[in-house]
Each structure stands twice: as structure tokens, then as C-alpha cells.
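Read the structure below first, then the notes.
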Amino acid sequence: MMGKTHALSGALVWLAAVPVIAQERLLGEYAVALSTEQVAAGAVVCAGAAILPDIDHHNGRIANTFGPITQVMCKWVGKLSGGHRQATHSILFAVAMGFAMDFLATHYVYAWWACLFMIVGLGLRGIGLDFEGKEPQSALADCALALIAVWLMHKIDMSFVGFAVALGCLAHVAGDCLTPRGCPVLWPLPWRTVVPIVPKTDGKVERWVIMPVLTVGIAVLAVRSVLGDATAQWLTRG
Ligand SMILES: [Zn+2]
């Protein structure tokens, strides 16, 4: 799957999950009702996190995001996780990342901002915001945009990031399961889940079916979210 498709799937899954994670009946004390600003920040985080499992690929676009820093990181993650599409493409990785980011955001805010910078940077690179063949310029542009995003988000209550990061990673895994190679969803168990309805990365199905469906879904859910918020405000005023 292309980075763009993964990022779109992350944003879609997030917008679909927002009403669910607000339900105390389902999640008890972990339920969070989100403001419009938090929903928007969550969509950025979830779209970025939907690129995260591919940090196991030492030789890809993602590895070049922040030059040598991400190249070394991806090389080591790839080695430790058993290669491309192994441990990082599993439910365990998604849940662990969700808990880790929630822990940092709650207890070590500077470390969280560093991770947020990385997540947004990876997301930007994933959606193809780079200059063809100009790596230093691309890395600098990524840095600048990621810094702006972190600055815009640093005052927002981020008590939802655990959900956003875990859901983003899960959206990525689900997407890769649709390709012939599949993913070891239940890693460390060895079986791979394969539902091969997307025969080729950047092929016709991905470009003309999956991406348009995701884009329309995002537009519908975003409008619903904004209208829901406006109605709630109008009702409390009235
Ligand atoms: Zn992947």
C-alpha cells in the first residue's frame, strides 16, 4: 500500500472511532469526549501513526524522512523486529505504541512532543510531501512542517493519543493485509493474515477504488463531526 493510502485510512478510522471512544458505557473511565480541535489533532496523529509500522523498512521513503536519524532508526527497528512486515505489523505493536505514547504524553511531555514531531514528519513523508531527488531539502521541509504542527498542538489536551496512535497502526496493518504478502497480525504467532483484494501497490484497485472510497468516507465523517458539534453547541445555547 502507498503511504497516502495508509495516511487516509488512519484519518478515516479515527473519525469513525471518535463517537465510540466517547462512550462511557463501553470504555468506562477510559472514555473521552473530544472537542472539534481534539478531533482534528487526533486525525493528524492517527494519519501519521498509520505510517509508523513501516519504520521497519530501512531503504524506503520513510527511512529518509529526517536523513541519517530516521535511516539509523529504521535500520535498527527492521533488525530487531525481524525484517519488513514482521513485528511492527501486528496488533501487539499497535497496542504497545498506543500505551507508550499515552504514557509519554501524560508523564513526559517533552518526550511526547519529540515523538509527535516524528509521527507528523513520517506522516508528511508518507503522503508524498517531498521534493523528488532532493533529500536534504525534503528533510528540512519535513522538519519545519512537523515543528509547526507540534507548536499548533502543544496546548491541546492530548489524553486521547493512546487511542489515536494504536488505531493508526491498526489501520496500517489492516491495509497491508489486503495485499498478497499480508501481515503477521497475531505476532509473535507466525501466521500471516492475507485478504488479497489489492493485487499491486499503486495499482488500479488502490488508485481508483480504495483511495476514492477513503477520501469520500473522510469527507462524510468530518462533516458529521463538525455538524454534530455545532448542533450540540446550539442546543446548549438554546
Ligand atoms: Zn506496511
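Chain labels A, B, ... are given in the sequence in which chains occur in the C-alpha cells; within each chain residues are numbered consecutively from 1, and ligands are likewise numbered from 1 in the order shown.
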Each residue of region 40-106 of chain A lying at most 7 Å from region 154-163 of chain A should get a row with its shortest atom-to-atom pair and the distance in Å to one decimal, counting only C-alpha atoms; could you produce that, ordered by chain and increasing number, as a Markdown table?
```
| residue | atom | partner | partner_atom | distance |
| --- | --- | --- | --- | --- |
| A:Gly42 | CA | A:Val161 | CA | 6.9 |
| A:Gly98 | CA | A:Gly162 | CA | 4.0 |
| A:Phe99 | CA | A:Gly162 | CA | 5.6 |
| A:Met101 | CA | A:Gly162 | CA | 5.8 |
| A:Asp102 | CA | A:Gly162 | CA | 4.5 |
| A:Ala105 | CA | A:Met158 | CA | 6.9 |
```
Chain A residues near ligand 1 within 6 Å, closest pair each, using only C-alpha atoms and all ligand atoms, as JSON lines:
```
{"residue": "A:Pro53", "atom": "CA", "partner": "ligand 1", "partner_atom_place_in_ligand_line": "1 (Zn)", "distance": 5.7}
{"residue": "A:Asp54", "atom": "CA", "partner": "ligand 1", "partner_atom_place_in_ligand_line": "1 (Zn)", "distance": 4.7}
{"residue": "A:Arg85", "atom": "CA", "partner": "ligand 1", "partner_atom_place_in_ligand_line": "1 (Zn)", "distance": 5.9}
{"residue": "A:Asp176", "atom": "CA", "partner": "ligand 1", "partner_atom_place_in_ligand_line": "1 (Zn)", "distance": 5.7}
```
With a distance cut-off of 12 Å and only C-alpha atoms, select the neighbouring residues of region 207-217 of chain A, excluding the residue or stretch itself and same-chain residues fewer than 4 positions from it, and output the selection as number ranges by chain.
A: 1-16, 171, 175, 178, 197-203, 221-224
Keeping only N, CA and C atoms, take the residues you just selected and write them out as an mmCIF file, in the first residue's frame.
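This is the output file part.cif:
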```
data_model
loop_
_atom_site.group_PDB
_atom_site.id
_atom_site.type_symbol
_atom_site.label_atom_id
_atom_site.label_comp_id
_atom_site.auth_asym_id
_atom_site.auth_seq_id
_atom_site.Cartn_x
_atom_site.Cartn_y
_atom_site.Cartn_z
ATOM 1 N N MET A 1 0.837 -1.200 0.000
ATOM 2 C CA MET A 1 0.000 0.000 0.000
ATOM 3 C C MET A 1 0.879 1.259 0.000
ATOM 4 N N MET A 2 0.388 2.317 -0.635
ATOM 5 C CA MET A 2 1.146 3.570 -0.650
ATOM 6 C C MET A 2 0.964 4.315 0.679
ATOM 7 N N GLY A 3 1.943 5.171 0.997
ATOM 8 C CA GLY A 3 1.851 5.957 2.223
ATOM 9 C C GLY A 3 0.568 6.779 2.281
ATOM 10 N N LYS A 4 0.197 7.347 1.121
ATOM 11 C CA LYS A 4 -1.018 8.169 1.061
ATOM 12 C C LYS A 4 -2.237 7.375 1.507
ATOM 13 N N THR A 5 -2.340 6.154 0.994
ATOM 14 C CA THR A 5 -3.486 5.309 1.327
ATOM 15 C C THR A 5 -3.493 5.006 2.820
ATOM 16 N N HIS A 6 -2.309 4.697 3.365
ATOM 17 C CA HIS A 6 -2.236 4.410 4.803
ATOM 18 C C HIS A 6 -2.673 5.630 5.614
ATOM 19 N N ALA A 7 -2.163 6.821 5.242
ATOM 20 C CA ALA A 7 -2.496 8.032 5.998
ATOM 21 C C ALA A 7 -4.004 8.304 5.933
ATOM 22 N N LEU A 8 -4.590 8.153 4.737
ATOM 23 C CA LEU A 8 -6.035 8.357 4.595
ATOM 24 C C LEU A 8 -6.805 7.362 5.466
ATOM 25 N N SER A 9 -6.344 6.102 5.472
ATOM 26 C CA SER A 9 -7.052 5.088 6.262
ATOM 27 C C SER A 9 -6.980 5.434 7.747
ATOM 28 N N GLY A 10 -5.829 5.999 8.186
ATOM 29 C CA GLY A 10 -5.697 6.398 9.588
ATOM 30 C C GLY A 10 -6.702 7.489 9.934
ATOM 31 N N ALA A 11 -6.789 8.510 9.072
ATOM 32 C CA ALA A 11 -7.728 9.619 9.330
ATOM 33 C C ALA A 11 -9.168 9.100 9.363
ATOM 34 N N LEU A 12 -9.496 8.194 8.439
ATOM 35 C CA LEU A 12 -10.867 7.657 8.374
ATOM 36 C C LEU A 12 -11.206 6.860 9.630
ATOM 37 N N VAL A 13 -10.288 5.970 10.020
ATOM 38 C CA VAL A 13 -10.539 5.137 11.204
ATOM 39 C C VAL A 13 -10.720 6.027 12.434
ATOM 40 N N TRP A 14 -9.910 7.082 12.526
ATOM 41 C CA TRP A 14 -10.013 7.991 13.663
ATOM 42 C C TRP A 14 -11.394 8.660 13.715
ATOM 43 N N LEU A 15 -11.808 9.224 12.588
ATOM 44 C CA LEU A 15 -13.099 9.931 12.564
ATOM 45 C C LEU A 15 -14.251 8.973 12.865
ATOM 46 N N ALA A 16 -14.111 7.719 12.409
ATOM 47 C CA ALA A 16 -15.159 6.737 12.683
ATOM 48 C C ALA A 16 -15.165 6.345 14.157
ATOM 49 N N ALA A 171 -4.879 0.541 11.509
ATOM 50 C CA ALA A 171 -5.370 0.845 10.156
ATOM 51 C C ALA A 171 -4.317 0.443 9.128
ATOM 52 N N GLY A 175 -4.677 -2.433 6.246
ATOM 53 C CA GLY A 175 -4.429 -2.112 4.835
ATOM 54 C C GLY A 175 -3.446 -3.083 4.200
ATOM 55 N N LEU A 178 -4.556 -6.474 3.033
ATOM 56 C CA LEU A 178 -5.302 -6.570 1.772
ATOM 57 C C LEU A 178 -4.382 -6.840 0.584
ATOM 58 N N ILE A 197 -7.164 -8.405 -1.847
ATOM 59 C CA ILE A 197 -8.035 -7.720 -2.803
ATOM 60 C C ILE A 197 -7.326 -6.544 -3.485
ATOM 61 N N VAL A 198 -6.110 -6.208 -3.005
ATOM 62 C CA VAL A 198 -5.314 -5.166 -3.678
ATOM 63 C C VAL A 198 -4.058 -5.847 -4.229
ATOM 64 N N PRO A 199 -4.100 -6.283 -5.495
ATOM 65 C CA PRO A 199 -3.007 -7.109 -6.020
ATOM 66 C C PRO A 199 -1.675 -6.379 -6.120
ATOM 67 N N LYS A 200 -1.703 -5.036 -6.261
ATOM 68 C CA LYS A 200 -0.445 -4.334 -6.533
ATOM 69 C C LYS A 200 -0.438 -2.963 -5.861
ATOM 70 N N THR A 201 0.691 -2.607 -5.231
ATOM 71 C CA THR A 201 0.831 -1.268 -4.656
ATOM 72 C C THR A 201 0.791 -0.239 -5.778
ATOM 73 N N ASP A 202 0.010 0.828 -5.558
ATOM 74 C CA ASP A 202 -0.162 1.882 -6.553
ATOM 75 C C ASP A 202 -0.793 1.350 -7.850
ATOM 76 N N GLY A 203 -1.505 0.230 -7.737
ATOM 77 C CA GLY A 203 -2.185 -0.321 -8.914
ATOM 78 C C GLY A 203 -3.574 0.283 -9.070
ATOM 79 N N LEU A 221 -17.491 11.785 7.269
ATOM 80 C CA LEU A 221 -17.339 11.725 8.723
ATOM 81 C C LEU A 221 -16.908 13.078 9.297
ATOM 82 N N ALA A 222 -16.075 13.834 8.543
ATOM 83 C CA ALA A 222 -15.647 15.146 9.030
ATOM 84 C C ALA A 222 -16.840 16.096 9.099
ATOM 85 N N VAL A 223 -17.683 16.061 8.063
ATOM 86 C CA VAL A 223 -18.878 16.920 8.064
ATOM 87 C C VAL A 223 -19.790 16.526 9.221
ATOM 88 N N ARG A 224 -19.976 15.215 9.420
ATOM 89 C CA ARG A 224 -20.829 14.747 10.512
ATOM 90 C C ARG A 224 -20.294 15.239 11.857
#
```
9 Å contact set for Leu92 (chain A), only C-alpha atoms, chain neighbours under 2 positions out, as a PyMOL selection string:
chain A and resi 87-90+94-97+185-188
Residues from last step as file, C-alpha atoms, as a PDB file, in the first residue's frame:
```
ATOM      1  CA  ALA A  87       6.612  -7.477  14.401  1.00  0.00           C
ATOM      2  CA  THR A  88       5.650  -3.861  13.617  1.00  0.00           C
ATOM      3  CA  HIS A  89       2.722  -5.094  11.506  1.00  0.00           C
ATOM      4  CA  SER A  90       0.842  -6.670  14.409  1.00  0.00           C
ATOM      5  CA  ALA A  94      -0.191  -1.160  17.776  1.00  0.00           C
ATOM      6  CA  VAL A  95      -1.312  -1.619  21.386  1.00  0.00           C
ATOM      7  CA  ALA A  96       2.239  -1.204  22.745  1.00  0.00           C
ATOM      8  CA  MET A  97       2.727   2.031  20.762  1.00  0.00           C
ATOM      9  CA  VAL A 185      -1.393  -9.763  12.780  1.00  0.00           C
ATOM     10  CA  LEU A 186      -1.043 -12.037  15.829  1.00  0.00           C
ATOM     11  CA  TRP A 187       2.759 -11.760  16.046  1.00  0.00           C
ATOM     12  CA  PRO A 188       4.691 -13.438  17.744  1.00  0.00           C
TER      13      PRO A 188
END
```
List as number ranges by chain the protein and nucleic acid residues near region 134-147 of chain A, meaning an atom at most 6 Å away when only C-alpha atoms are counted, but skip any in the same chain fewer than 4 places from it.
A: 65-66, 117, 120-121, 130
Do you know which residues are at most 7 Å from Ala22 (chain A) counting only C-alpha atoms, after dropping those on the same chain fewer than 6 positions away, and could you put them as a short mmCIF file (atom, residue, chain, number, x, y, z; two decimals) with N, CA and C atoms, in the first residue's frame?
```cif
data_model
loop_
_atom_site.label_atom_id
_atom_site.label_comp_id
_atom_site.auth_asym_id
_atom_site.auth_seq_id
_atom_site.Cartn_x
_atom_site.Cartn_y
_atom_site.Cartn_z
N ALA A 31 -13.08 6.41 28.64
CA ALA A 31 -13.84 7.13 27.61
C ALA A 31 -13.44 8.60 27.62
N VAL A 32 -13.32 9.20 26.41
CA VAL A 32 -13.02 10.63 26.32
C VAL A 32 -13.93 11.29 25.27
N ALA A 33 -14.64 12.35 25.72
CA ALA A 33 -15.46 13.13 24.79
C ALA A 33 -14.55 14.22 24.23
#
```
